[in-house]
Amino acid sequence: MQTSFTPEQLTSPDNASSEKIIRTCVHCGFCTATCPTYLLLGDELDSPRGRIYLMKEMLEKGGSPAPQTVKHVDRCLSCLSCMTTCPSGVNYMHLVDHARAYIEEHHVRPWPERFLRSMLAVVLPDPAKFRWALRLANAGRPFAGLLPGRLKAMAGMAPRRLPAADPAEKPQVFPAHGSRRARVALLAGCAQPVLAPEINGAAIRLLNRLGVEVVTSRGAGCCGALSHHLGKTDRSHAQAKANITAWRAQMAAGDLDAIMVTASGCGTTVKDYGFMFRDDPVWAEPAAAVSAIAKDVSEVLAGLDGGPSAAAGLGLRVAYHSACSLQHGQGLRDEPKMLLKAAGFTVVEPLEPHICCGSAGTYNLLQPEIAGKLRDRKVANLEATRPDVIATGNIGCMTQIAGGSDIPIVHTVELLDWAAGGPVPAALSGTRFAAGV
């Protein structure tokens, strides 16, 4: 795709990077076949190719972006299915991230929209604030029907009961059982330990049994993904820098084999820290060093021998939902399925495994109508496999799918921990499987 950026515009590292990405696009349209919003809405401007045209025009023209551009960029899920499909290797992720930051800086949204986005950026990354917000949502549940659309959707997603705080939120060491084979730093996360602390608990127990010491680092917190995808660059970079500082201290102290992430949406962002700070003379090197050893929990487990074996199988039929951030963002498609099969589970995949469930970070909160249609499509495909349980690797997907299905949904590592002698996953308690039937 031809571009017409001025030499002065290309002195900006972000513009220079985006210009190279845009020129890589050859208009082929392969991306339209796998873009969820295009499949749903049928609008060329809601396809990656159409959005690339809009973003190109916006960045070349400068100034305030056109309302049409803001509308269609906002409708993008950032599921990155287009990147998996693209034969030319267009890095759509970096382009749309730049576009969102540009829109945030140069576009004035209506005040209710500004308030909502600012609230999400402040509340969701902070476990304490998020817990209070969920308590308020529960207290106001009887009046949820009186709320406008998006606030009603948010109130409806709040769990009726909040679990106890995740022990992994506090900096500490979880020692390996027996002789230590490896040492990893766990990103405890922000929303996940509030909604499902059992995920980190399962990962820690399983890794400890396999001889891996797990540490949670002082100063590490939100990965920055939520703010990053809202275009709030200063906030997301500050959160990333806090993590880099915390983990570099651990890396300097000795033998840290990996930085492990149990929420794949966070993992995609941590693995991109090197790009985020590529032009920063202070942070470029430490950010790249962190990204180089960042791994999803399935990667860490796949690299260990002696995990749960087929002899530990529990007879469950598991529908595996591949989170977009895992399959498209990190290129991890087979590892979770291989681990589940090795543990004795029968793994089935739904139709359209590449299509997003509609969660996509804050997307289901900001675009609830489109997200709801995608959720219903995903749930129908998952339920058609007639599973006993649904497994995935991202808390956002778990929350989204659970809102449309009565089939229990768990994190992949919860099943692996159970197969290796851990407790029954909370979502399966009270079922016949919990009783070993």
# chains A, B, ... in the order shown; residues from 1 in each chain; ligands from 1
$ select_by_dssp --residues "region 191-311 of chain A" --states "helix (DSSP H, G or I)" --output "ChimeraX atom specification"
/A:191-195,198-209,225-229,233-253,264-270,273-276,284-293,297-302,310-311
$ closest_atom_pairs --of "region 88-120 of chain A" --to "region 352-371 of chain A" --cutoff "9 Å" --atoms "only C-alpha atoms" --output "Markdown table"
| residue | atom | partner | partner_atom | distance |
| --- | --- | --- | --- | --- |
| A:Leu116 | CA | A:Leu366 | CA | 8.6 |
| A:Arg117 | CA | A:Leu366 | CA | 8.4 |
| A:Leu120 | CA | A:Thr362 | CA | 7.9 |
$ residues_around --residues "Glu60 (chain A)" --least-positions-apart "2" --cutoff "8 Å" --atoms "only C-alpha atoms" --output "list in words"
Thr3, Ser4, Phe5, Thr6, Gln9, Lys56, Glu57, Met58 and Gly62 of chain A
$ closest_residue --among "A:Leu230, A:Leu10, A:Val184, A:Cys28" --to "Ile103 (chain A)" --atoms "only C-alpha atoms"
A:Leu230
$ residues_around --residues "region 105-108 of chain A" --least-positions-apart "6" --cutoff "9 Å" --atoms "only C-alpha atoms" --output "number ranges by chain"
A: 62-67, 70, 114, 231-232
$ atom_distance --atom1 "CA of Ile409 (chain A)" --atom2 "CA of Gly267 (chain A)"
20.4 Å
$ closest_atom_pairs --of "region 69-128 of chain A" --to "region 45-49 of chain A" --cutoff "10 Å" --atoms "only C-alpha atoms" --output "JSON lines"
{"residue": "A:Thr69", "atom": "CA", "partner": "A:Leu45", "partner_atom": "CA", "distance": 8.7}
{"residue": "A:Lys71", "atom": "CA", "partner": "A:Asp46", "partner_atom": "CA", "distance": 9.3}
{"residue": "A:His72", "atom": "CA", "partner": "A:Asp46", "partner_atom": "CA", "distance": 5.8}
{"residue": "A:Val73", "atom": "CA", "partner": "A:Asp46", "partner_atom": "CA", "distance": 8.0}
{"residue": "A:Asp74", "atom": "CA", "partner": "A:Asp46", "partner_atom": "CA", "distance": 9.7}
{"residue": "A:Arg75", "atom": "CA", "partner": "A:Asp46", "partner_atom": "CA", "distance": 7.1}
{"residue": "A:Cys76", "atom": "CA", "partner": "A:Asp46", "partner_atom": "CA", "distance": 7.2}
{"residue": "A:Ser78", "atom": "CA", "partner": "A:Pro48", "partner_atom": "CA", "distance": 9.8}
{"residue": "A:Leu80", "atom": "CA", "partner": "A:Pro48", "partner_atom": "CA", "distance": 9.3}
{"residue": "A:Ser81", "atom": "CA", "partner": "A:Pro48", "partner_atom": "CA", "distance": 9.6}
{"residue": "A:Cys82", "atom": "CA", "partner": "A:Pro48", "partner_atom": "CA", "distance": 6.8}
{"residue": "A:Met83", "atom": "CA", "partner": "A:Pro48", "partner_atom": "CA", "distance": 9.4}
{"residue": "A:Tyr92", "atom": "CA", "partner": "A:Pro48", "partner_atom": "CA", "distance": 7.8}
{"residue": "A:Val96", "atom": "CA", "partner": "A:Pro48", "partner_atom": "CA", "distance": 9.5}
$ write_last_selection --atoms "C-alpha atoms" --output "PDB file, in the first residue's frame"
ATOM      1  CA  THR A  69     -12.282   6.618  11.732  1.00  0.00           C
ATOM      2  CA  LYS A  71     -15.960   4.617  15.175  1.00  0.00           C
ATOM      3  CA  HIS A  72     -14.388   1.823  13.154  1.00  0.00           C
ATOM      4  CA  VAL A  73     -11.098   1.715  15.082  1.00  0.00           C
ATOM      5  CA  ASP A  74     -13.125   1.518  18.307  1.00  0.00           C
ATOM      6  CA  ARG A  75     -15.017  -1.447  16.851  1.00  0.00           C
ATOM      7  CA  CYS A  76     -11.781  -3.401  16.325  1.00  0.00           C
ATOM      8  CA  SER A  78      -7.569  -6.354  18.523  1.00  0.00           C
ATOM      9  CA  LEU A  80      -5.207 -10.258  15.820  1.00  0.00           C
ATOM     10  CA  SER A  81      -6.806 -13.043  13.787  1.00  0.00           C
ATOM     11  CA  CYS A  82      -5.884 -10.951  10.757  1.00  0.00           C
ATOM     12  CA  MET A  83      -2.200 -11.284  11.624  1.00  0.00           C
ATOM     13  CA  TYR A  92      -1.649  -4.963  12.531  1.00  0.00           C
ATOM     14  CA  VAL A  96      -3.817  -0.261  15.683  1.00  0.00           C
TER      15      VAL A  96
END
$ residues_around --residues "Ala294 (chain A)" --least-positions-apart "3" --cutoff "8 Å" --atoms "only C-alpha atoms" --output "PDB file with N, CA and C atoms, in the first residue's frame"
ATOM      1  N   ALA A 258      12.235 -17.773  33.881  1.00  0.00           N
ATOM      2  CA  ALA A 258      11.139 -17.239  33.081  1.00  0.00           C
ATOM      3  C   ALA A 258      10.297 -16.283  33.905  1.00  0.00           C
ATOM      4  N   ILE A 259       9.626 -15.389  33.212  1.00  0.00           N
ATOM      5  CA  ILE A 259       8.545 -14.594  33.798  1.00  0.00           C
ATOM      6  C   ILE A 259       7.262 -15.226  33.289  1.00  0.00           C
ATOM      7  N   MET A 260       6.496 -15.807  34.192  1.00  0.00           N
ATOM      8  CA  MET A 260       5.344 -16.621  33.808  1.00  0.00           C
ATOM      9  C   MET A 260       4.052 -15.837  33.971  1.00  0.00           C
ATOM     10  N   VAL A 261       3.194 -15.959  32.966  1.00  0.00           N
ATOM     11  CA  VAL A 261       1.914 -15.259  32.956  1.00  0.00           C
ATOM     12  C   VAL A 261       0.795 -16.282  32.785  1.00  0.00           C
ATOM     13  N   GLY A 267       0.085 -11.735  28.870  1.00  0.00           N
ATOM     14  CA  GLY A 267       1.306 -12.289  28.295  1.00  0.00           C
ATOM     15  C   GLY A 267       1.668 -11.657  26.960  1.00  0.00           C
ATOM     16  N   VAL A 270       3.243  -8.251  27.809  1.00  0.00           N
ATOM     17  CA  VAL A 270       4.585  -8.354  28.403  1.00  0.00           C
ATOM     18  C   VAL A 270       5.610  -8.757  27.347  1.00  0.00           C
ATOM     19  N   LYS A 271       5.230  -9.648  26.460  1.00  0.00           N
ATOM     20  CA  LYS A 271       6.144 -10.062  25.395  1.00  0.00           C
ATOM     21  C   LYS A 271       6.410  -8.934  24.402  1.00  0.00           C
ATOM     22  N   VAL A 290      13.260  -8.449  29.568  1.00  0.00           N
ATOM     23  CA  VAL A 290      12.058  -9.003  30.190  1.00  0.00           C
ATOM     24  C   VAL A 290      11.223  -9.753  29.157  1.00  0.00           C
ATOM     25  N   SER A 291      10.996  -9.129  27.999  1.00  0.00           N
ATOM     26  CA  SER A 291      10.192  -9.772  26.956  1.00  0.00           C
ATOM     27  C   SER A 291      10.802 -11.096  26.511  1.00  0.00           C
TER      28      SER A 291
END
$ select_by_dssp --residues "region 129-326 of chain A" --states "strand (DSSP E)" --output "ChimeraX atom specification"
/A:172-174,182-187,212-216,258-261,294-296,317-320
$ closest_residue --among "A:Arg161, A:Arg183, A:His228, A:Lys373" --to "Gly254 (chain A)" --atoms "only C-alpha atoms"
A:Arg183
$ atom_distance --atom1 "CA of Ala220 (chain A)" --atom2 "CA of Leu207 (chain A)"
20.2 Å
$ residues_around --residues "Asp417 (chain A)" --least-positions-apart "4" --cutoff "7 Å" --atoms "only C-alpha atoms" --output "PDB file with N, CA and C atoms, in the first residue's frame"
ATOM      1  N   ALA A 202      -3.573 -22.764  41.280  1.00  0.00           N
ATOM      2  CA  ALA A 202      -3.356 -24.024  40.575  1.00  0.00           C
ATOM      3  C   ALA A 202      -1.996 -24.042  39.890  1.00  0.00           C
ATOM      4  N   LEU A 206       0.970 -26.749  40.900  1.00  0.00           N
ATOM      5  CA  LEU A 206       1.441 -27.679  39.876  1.00  0.00           C
ATOM      6  C   LEU A 206       2.935 -27.512  39.635  1.00  0.00           C
ATOM      7  N   VAL A 413      -4.881 -24.595  33.318  1.00  0.00           N
ATOM      8  CA  VAL A 413      -3.978 -25.039  34.379  1.00  0.00           C
ATOM      9  C   VAL A 413      -4.749 -25.619  35.570  1.00  0.00           C
ATOM     10  N   GLY A 421      -3.249 -34.243  41.061  1.00  0.00           N
ATOM     11  CA  GLY A 421      -3.487 -34.437  42.484  1.00  0.00           C
ATOM     12  C   GLY A 421      -3.968 -33.217  43.228  1.00  0.00           C
ATOM     13  N   GLY A 422      -4.185 -32.117  42.520  1.00  0.00           N
ATOM     14  CA  GLY A 422      -4.673 -30.907  43.156  1.00  0.00           C
ATOM     15  C   GLY A 422      -6.176 -30.960  43.407  1.00  0.00           C
TER      16      GLY A 422
END
$ closest_residue --among "A:Leu316, A:Cys324, A:Ala121, A:Cys79" --to "Ala225 (chain A)" --atoms "only C-alpha atoms"
A:Ala121
$ residues_around --residues "region 165-171 of chain A" --least-positions-apart "2" --cutoff "10 Å" --atoms "only C-alpha atoms" --output "PyMOL selection string"
chain A and resi 127-128+131+162-163+173-174+186-190+192-201+204+214-221
$ closest_residue --among "A:Thr32, A:Asp334, A:Glu299, A:Leu59" --to "Asn15 (chain A)" --atoms "only C-alpha atoms"
A:Leu59
$ decode --residues "region 256-287 of chain A" --atoms "N, CA and C atoms" --output "mmCIF file, in the first residue's frame"
data_model
loop_
_atom_site.group_PDB
_atom_site.id
_atom_site.type_symbol
_atom_site.label_atom_id
_atom_site.label_comp_id
_atom_site.auth_asym_id
_atom_site.auth_seq_id
_atom_site.Cartn_x
_atom_site.Cartn_y
_atom_site.Cartn_z
ATOM 1 N N LEU A 256 16.720 -16.620 37.383
ATOM 2 C CA LEU A 256 15.314 -16.540 37.001
ATOM 3 C C LEU A 256 15.177 -17.093 35.591
ATOM 4 N N ASP A 257 14.468 -18.229 35.475
ATOM 5 C CA ASP A 257 14.369 -18.900 34.175
ATOM 6 C C ASP A 257 13.279 -18.324 33.287
ATOM 7 N N ALA A 258 12.235 -17.773 33.881
ATOM 8 C CA ALA A 258 11.139 -17.239 33.081
ATOM 9 C C ALA A 258 10.297 -16.283 33.905
ATOM 10 N N ILE A 259 9.626 -15.389 33.212
ATOM 11 C CA ILE A 259 8.545 -14.594 33.798
ATOM 12 C C ILE A 259 7.262 -15.226 33.289
ATOM 13 N N MET A 260 6.496 -15.807 34.192
ATOM 14 C CA MET A 260 5.344 -16.621 33.808
ATOM 15 C C MET A 260 4.052 -15.837 33.971
ATOM 16 N N VAL A 261 3.194 -15.959 32.966
ATOM 17 C CA VAL A 261 1.914 -15.259 32.956
ATOM 18 C C VAL A 261 0.795 -16.282 32.785
ATOM 19 N N THR A 262 -0.237 -16.195 33.600
ATOM 20 C CA THR A 262 -1.355 -17.134 33.503
ATOM 21 C C THR A 262 -2.564 -16.543 32.784
ATOM 22 N N ALA A 263 -2.532 -15.248 32.478
ATOM 23 C CA ALA A 263 -3.597 -14.619 31.686
ATOM 24 C C ALA A 263 -2.991 -14.249 30.338
ATOM 25 N N SER A 264 -3.446 -14.907 29.270
ATOM 26 C CA SER A 264 -2.765 -14.750 27.985
ATOM 27 C C SER A 264 -2.840 -13.327 27.445
ATOM 28 N N GLY A 265 -3.895 -12.569 27.796
ATOM 29 C CA GLY A 265 -3.961 -11.183 27.360
ATOM 30 C C GLY A 265 -2.810 -10.375 27.921
ATOM 31 N N CYS A 266 -2.444 -10.652 29.168
ATOM 32 C CA CYS A 266 -1.300 -9.989 29.791
ATOM 33 C C CYS A 266 0.010 -10.456 29.151
ATOM 34 N N GLY A 267 0.085 -11.735 28.870
ATOM 35 C CA GLY A 267 1.306 -12.289 28.295
ATOM 36 C C GLY A 267 1.668 -11.657 26.960
ATOM 37 N N THR A 268 0.674 -11.413 26.116
ATOM 38 C CA THR A 268 0.927 -10.790 24.822
ATOM 39 C C THR A 268 1.545 -9.415 25.007
ATOM 40 N N THR A 269 1.071 -8.666 26.001
ATOM 41 C CA THR A 269 1.608 -7.331 26.251
ATOM 42 C C THR A 269 3.011 -7.385 26.827
ATOM 43 N N VAL A 270 3.243 -8.251 27.809
ATOM 44 C CA VAL A 270 4.585 -8.354 28.403
ATOM 45 C C VAL A 270 5.610 -8.757 27.347
ATOM 46 N N LYS A 271 5.230 -9.648 26.460
ATOM 47 C CA LYS A 271 6.144 -10.062 25.395
ATOM 48 C C LYS A 271 6.410 -8.934 24.402
ATOM 49 N N ASP A 272 5.611 -7.871 24.463
ATOM 50 C CA ASP A 272 5.773 -6.736 23.552
ATOM 51 C C ASP A 272 6.465 -5.551 24.207
ATOM 52 N N TYR A 273 6.881 -5.698 25.471
ATOM 53 C CA TYR A 273 7.565 -4.596 26.142
ATOM 54 C C TYR A 273 8.785 -4.127 25.347
ATOM 55 N N GLY A 274 9.499 -5.056 24.754
ATOM 56 C CA GLY A 274 10.689 -4.682 23.991
ATOM 57 C C GLY A 274 10.361 -3.716 22.869
ATOM 58 N N PHE A 275 9.232 -3.944 22.185
ATOM 59 C CA PHE A 275 8.814 -3.028 21.117
ATOM 60 C C PHE A 275 8.315 -1.719 21.702
ATOM 61 N N MET A 276 7.564 -1.793 22.780
ATOM 62 C CA MET A 276 7.001 -0.573 23.378
ATOM 63 C C MET A 276 8.079 0.437 23.741
ATOM 64 N N PHE A 277 9.238 -0.058 24.182
ATOM 65 C CA PHE A 277 10.301 0.842 24.638
ATOM 66 C C PHE A 277 11.516 0.823 23.701
ATOM 67 N N ARG A 278 11.283 0.468 22.450
ATOM 68 C CA ARG A 278 12.384 0.266 21.505
ATOM 69 C C ARG A 278 13.250 1.514 21.299
ATOM 70 N N ASP A 279 12.664 2.696 21.430
ATOM 71 C CA ASP A 279 13.399 3.931 21.176
ATOM 72 C C ASP A 279 13.757 4.684 22.448
ATOM 73 N N ASP A 280 13.533 4.047 23.582
ATOM 74 C CA ASP A 280 13.836 4.696 24.863
ATOM 75 C C ASP A 280 15.255 4.307 25.283
ATOM 76 N N PRO A 281 16.169 5.260 25.364
ATOM 77 C CA PRO A 281 17.570 4.910 25.669
ATOM 78 C C PRO A 281 17.761 4.297 27.050
ATOM 79 N N VAL A 282 16.844 4.575 27.972
ATOM 80 C CA VAL A 282 16.967 4.040 29.335
ATOM 81 C C VAL A 282 16.299 2.673 29.447
ATOM 82 N N TRP A 283 15.126 2.519 28.836
ATOM 83 C CA TRP A 283 14.300 1.337 29.065
ATOM 84 C C TRP A 283 14.376 0.283 27.973
ATOM 85 N N ALA A 284 14.966 0.585 26.843
ATOM 86 C CA ALA A 284 14.964 -0.354 25.715
ATOM 87 C C ALA A 284 15.604 -1.699 26.086
ATOM 88 N N GLU A 285 16.774 -1.648 26.684
ATOM 89 C CA GLU A 285 17.492 -2.905 26.991
ATOM 90 C C GLU A 285 16.789 -3.729 28.067
ATOM 91 N N PRO A 286 16.425 -3.123 29.223
ATOM 92 C CA PRO A 286 15.738 -3.939 30.235
ATOM 93 C C PRO A 286 14.374 -4.439 29.767
ATOM 94 N N ALA A 287 13.664 -3.648 28.963
ATOM 95 C CA ALA A 287 12.364 -4.094 28.460
ATOM 96 C C ALA A 287 12.529 -5.294 27.538
#
